[in-house]
Amino acid sequence: MDLKERAAAIADELNVDFDKIHMIIGISKDQFEAACNGDEAALNKATQFLEERETAFSAYEPEQVSALKEFEKTIPTAGSQRNAAEKVGIGSAVISQMRRGKYIGRSEKYFAALIEYFKIKSEKSELPSVYVPVDYAPTTISQMIYERLRNVHVIGGCAVITGDSGIGKTKTIQKYAKDNRTKTIVITASVFHHTANDVLYLLASELGISDNNKRRVKNAVFSKLHDGMIIIVDEAQELTYQAANALRSIPDHFESKGETIGLAFVGNPCFYNKFNGRYTSDRVQVSSRFVTEPTYTAEQIQFEDTKMLYPQLTEQNMLQELMFLHCIATTPNLGQRKALFIFKNAYNYGRYDFDALLKGAKDAKIHFDNLNEILNKIKKMEA
């Protein structure tokens, strides 16, 4: 069997690309090609490694051979034997000698470390795939938020959409923006981006404007905004009053030209605090322009909404688990986000039955007043 055939056999055995077999042999790609074409020096180097490897592997225990082969599989991905050795925590020179059967020290501890490493890696690979939440679900609340965004988009002016944390506001914004890519600008306020200047540069960034001159940036922003667009501000409660006022001026500016731009402030109920207190009379200028509706609350989440968010449970008709998560979701100060957090952790650990979810809630120190009532309902379902 010539070098190419021997190398191909190893590539098949390890399930690695033949183009990367030179990494496992420990020579460059050019050297491997030269060896396959009969270059004596390169051929001798490659052949010597393969013969020493074969002899060594025939002398080792099956578990040791398996561990070395698992190591060899990682070499192409790591880019070199040295990089692969660093990942498993064994010196490159040591593992090279072990593969050739030339290590003169006590190799048992290194084999033990190698076997343990790949055992743990195998156990991790057997865990369920990492939980990925539903991208968007047309829940009762998200549909109402979506419709309000559409209305302010069509009619123009300012709207305030507030609701408890974790009820799906941001997911709905993302869905609306995806459905209306060319006409929707989304910016997110934060403790780091909440002033009038911050807002200006956030808008500029979303519109593809790059400039450090404030006046030029402002002019460019107004020139790129146009009739029929909507600006959505997520986490609006983080804005300063001055920033909210600056944003409010944008629909006014375009309305004066006979054009329509919608502006939606989306955030937690405390957004309204911007317009209360010491300067309330001055702030009527802004608040009077808002089309406001009642705040959305966790209590409005329907059981059918919860079922949409957990297809893993719904498909298996795991009603007890769904009811438990629904009770968390509809509890003030907890909401759907906290329920998702509990389920995600349980799912990633490979077990998401009722006992696992209950333990997860207790471990996270989640408390809600009607827990006993929930448990009684679930017991009745079991009866």
# chains A, B, ... in the order shown; residues from 1 in each chain; ligands from 1
>>> select_by_dssp(residues="range 124-231 of chain A", states="helix (DSSP H, G or I)", output="ChimeraX atom specification")
/A:124-125,140-155,169-179,181-183,196-206,214-224
>>> closest_residue(among="A:Asp198, A:Lys214, A:Arg181, A:Ala298", to="Thr162 in chain A", atoms="only C-alpha atoms")
A:Ala298
>>> closest_residue(among="A:Ala78, A:Leu114, A:Cys270, A:Leu334", to="Val160 in chain A", atoms="only C-alpha atoms")
A:Cys270
>>> atom_distance(atom1="CA of Ala364 in chain A", atom2="CA of Lys344 in chain A")
12.5 Å
>>> closest_residue(among="A:Leu319, A:His153, A:Gly105, A:Gly26", to="Ser92 in chain A", atoms="only C-alpha atoms")
A:Gly26
>>> residues_around(residues="Ser28 in chain A", least_positions_apart="3", cutoff="12 Å", atoms="only C-alpha atoms", output="PyMOL selection string")
chain A and resi 19-25+31-35+42+45-46+79-80
>>> write_last_selection(atoms="C-alpha atoms", output="short mmCIF file (atom, residue, chain, number, x, y, z; two decimals), in the first residue's frame")
data_model
loop_
_atom_site.label_atom_id
_atom_site.label_comp_id
_atom_site.auth_asym_id
_atom_site.auth_seq_id
_atom_site.Cartn_x
_atom_site.Cartn_y
_atom_site.Cartn_z
CA ASP A 19 -6.98 17.41 2.36
CA LYS A 20 -6.08 17.81 6.05
CA ILE A 21 -4.47 14.42 6.66
CA HIS A 22 -1.03 16.04 6.45
CA MET A 23 -1.77 17.78 9.79
CA ILE A 24 -2.26 14.41 11.47
CA ILE A 25 0.95 13.07 9.93
CA GLN A 31 5.62 18.07 1.95
CA PHE A 32 2.74 15.59 1.80
CA GLU A 33 2.20 16.23 -1.91
CA ALA A 34 5.94 15.87 -2.49
CA ALA A 35 5.95 12.58 -0.58
CA ALA A 42 9.40 13.79 2.45
CA LYS A 45 9.44 11.35 7.03
CA ALA A 46 5.78 10.51 6.42
CA GLY A 79 -5.12 23.74 13.03
CA SER A 80 -2.12 21.87 14.42
#
>>> residues_around(residues="range 352-354 of chain A", least_positions_apart="4", cutoff="7 Å", atoms="only C-alpha atoms", output="PyMOL selection string")
chain A and resi 320-321+343+346-347+358
>>> residues_around(residues="Leu247 in chain A", least_positions_apart="2", cutoff="10 Å", atoms="only C-alpha atoms", output="JSON, numbers by chain")
{"A": [158, 196, 199, 200, 231, 233, 241, 242, 243, 244, 245, 249, 250, 251, 252, 263, 264, 265, 286]}
>>> select_by_dssp(residues="range 71-180 of chain A", states="strand (DSSP E or B)", output="number ranges by chain")
A: 157-163
>>> write_last_selection(atoms="C-alpha atoms", output="mmCIF file, in the first residue's frame")
data_model
loop_
_atom_site.group_PDB
_atom_site.id
_atom_site.type_symbol
_atom_site.label_atom_id
_atom_site.label_comp_id
_atom_site.auth_asym_id
_atom_site.auth_seq_id
_atom_site.Cartn_x
_atom_site.Cartn_y
_atom_site.Cartn_z
ATOM 1 C CA GLY A 157 -47.723 61.152 15.265
ATOM 2 C CA CYS A 158 -46.510 59.767 18.588
ATOM 3 C CA ALA A 159 -47.642 56.720 20.497
ATOM 4 C CA VAL A 160 -46.578 55.272 23.820
ATOM 5 C CA ILE A 161 -46.682 51.504 24.285
ATOM 6 C CA THR A 162 -45.884 50.376 27.802
ATOM 7 C CA GLY A 163 -46.033 47.031 29.516
#
>>> atom_distance(atom1="CA of Gly101 in chain A", atom2="CA of Gly38 in chain A")
26.4 Å
>>> atom_distance(atom1="CA of Leu239 in chain A", atom2="CA of Ser190 in chain A")
7.5 Å
>>> closest_residue(among="A:Ser165, A:Met318, A:Ile187, A:Lys362", to="Pro332 in chain A", atoms="only C-alpha atoms")
A:Ser165
>>> residues_around(residues="Glu259 in chain A", least_positions_apart="3", cutoff="8 Å", atoms="only C-alpha atoms", output="short mmCIF file (atom, residue, chain, number, x, y, z; two decimals) with all heavy atoms, in the first residue's frame")
data_model
loop_
_atom_site.label_atom_id
_atom_site.label_comp_id
_atom_site.auth_asym_id
_atom_site.auth_seq_id
_atom_site.Cartn_x
_atom_site.Cartn_y
_atom_site.Cartn_z
N HIS A 226 -38.00 59.99 5.72
CA HIS A 226 -38.95 60.42 4.68
C HIS A 226 -40.36 59.95 5.01
O HIS A 226 -40.58 59.14 5.92
CB HIS A 226 -38.51 59.90 3.31
CG HIS A 226 -38.35 58.40 3.25
ND1 HIS A 226 -39.40 57.54 3.14
CD2 HIS A 226 -37.23 57.63 3.31
CE1 HIS A 226 -38.95 56.30 3.11
NE2 HIS A 226 -37.64 56.31 3.23
N ASP A 227 -41.29 60.46 4.24
CA ASP A 227 -42.71 60.16 4.41
C ASP A 227 -42.95 58.65 4.45
O ASP A 227 -42.38 57.90 3.66
CB ASP A 227 -43.47 60.80 3.25
CG ASP A 227 -44.97 60.68 3.42
OD1 ASP A 227 -45.45 60.78 4.56
OD2 ASP A 227 -45.67 60.47 2.40
N GLY A 228 -43.79 58.21 5.39
CA GLY A 228 -44.16 56.79 5.44
C GLY A 228 -43.26 55.94 6.31
O GLY A 228 -43.41 54.71 6.32
N PHE A 254 -42.16 66.80 10.08
CA PHE A 254 -42.64 66.25 8.81
C PHE A 254 -44.13 66.55 8.60
O PHE A 254 -44.57 66.71 7.45
CB PHE A 254 -42.36 64.74 8.75
CG PHE A 254 -40.93 64.44 8.43
CD1 PHE A 254 -39.98 64.33 9.43
CD2 PHE A 254 -40.51 64.30 7.12
CE1 PHE A 254 -38.65 64.07 9.15
CE2 PHE A 254 -39.18 64.05 6.82
CZ PHE A 254 -38.24 63.93 7.83
N GLU A 255 -44.88 66.65 9.69
CA GLU A 255 -46.29 67.00 9.55
C GLU A 255 -46.43 68.40 8.98
O GLU A 255 -47.34 68.67 8.18
CB GLU A 255 -46.96 66.92 10.93
CG GLU A 255 -48.46 67.17 10.87
CD GLU A 255 -49.12 67.07 12.24
OE1 GLU A 255 -48.41 66.73 13.22
OE2 GLU A 255 -50.32 67.35 12.33
N SER A 256 -45.51 69.29 9.35
CA SER A 256 -45.57 70.66 8.83
C SER A 256 -45.32 70.70 7.32
O SER A 256 -45.68 71.66 6.66
CB SER A 256 -44.54 71.54 9.55
OG SER A 256 -43.22 71.15 9.22
#
>>> closest_residue(among="A:Tyr103, A:Tyr117, A:Phe222, A:Tyr176", to="Tyr136 in chain A", atoms="only C-alpha atoms")
A:Tyr176
>>> residues_around(residues="Arg100 in chain A", least_positions_apart="3", cutoff="7 Å", atoms="only C-alpha atoms", output="list in words")
Phe49, Glu52, Arg53, Ala56, Ser96 and Gln97 of chain A
>>> write_last_selection(atoms="N, CA, C and O atoms", output="tab-separated table (two decimals), in the first residue's frame")
chain	number	residue	atom	x	y	z
A	49	PHE	N	6.63	8.14	10.36
A	49	PHE	CA	5.57	8.44	11.33
A	49	PHE	C	4.49	7.37	11.30
A	49	PHE	O	4.06	6.86	12.35
A	52	GLU	N	5.71	4.09	12.88
A	52	GLU	CA	5.83	4.21	14.34
A	52	GLU	C	4.46	4.27	14.99
A	52	GLU	O	4.25	3.68	16.06
A	53	ARG	N	3.52	4.98	14.37
A	53	ARG	CA	2.14	5.08	14.89
A	53	ARG	C	1.50	3.69	14.92
A	53	ARG	O	0.87	3.31	15.91
A	56	ALA	N	3.03	1.58	17.70
A	56	ALA	CA	2.61	2.06	19.02
A	56	ALA	C	1.17	1.66	19.30
A	56	ALA	O	0.85	1.16	20.39
A	96	SER	N	3.03	13.83	21.11
A	96	SER	CA	3.67	13.40	19.87
A	96	SER	C	4.44	12.10	20.09
A	96	SER	O	4.36	11.16	19.29
A	97	GLN	N	5.16	12.03	21.19
A	97	GLN	CA	5.92	10.82	21.52
A	97	GLN	C	4.98	9.66	21.85
A	97	GLN	O	5.26	8.50	21.51
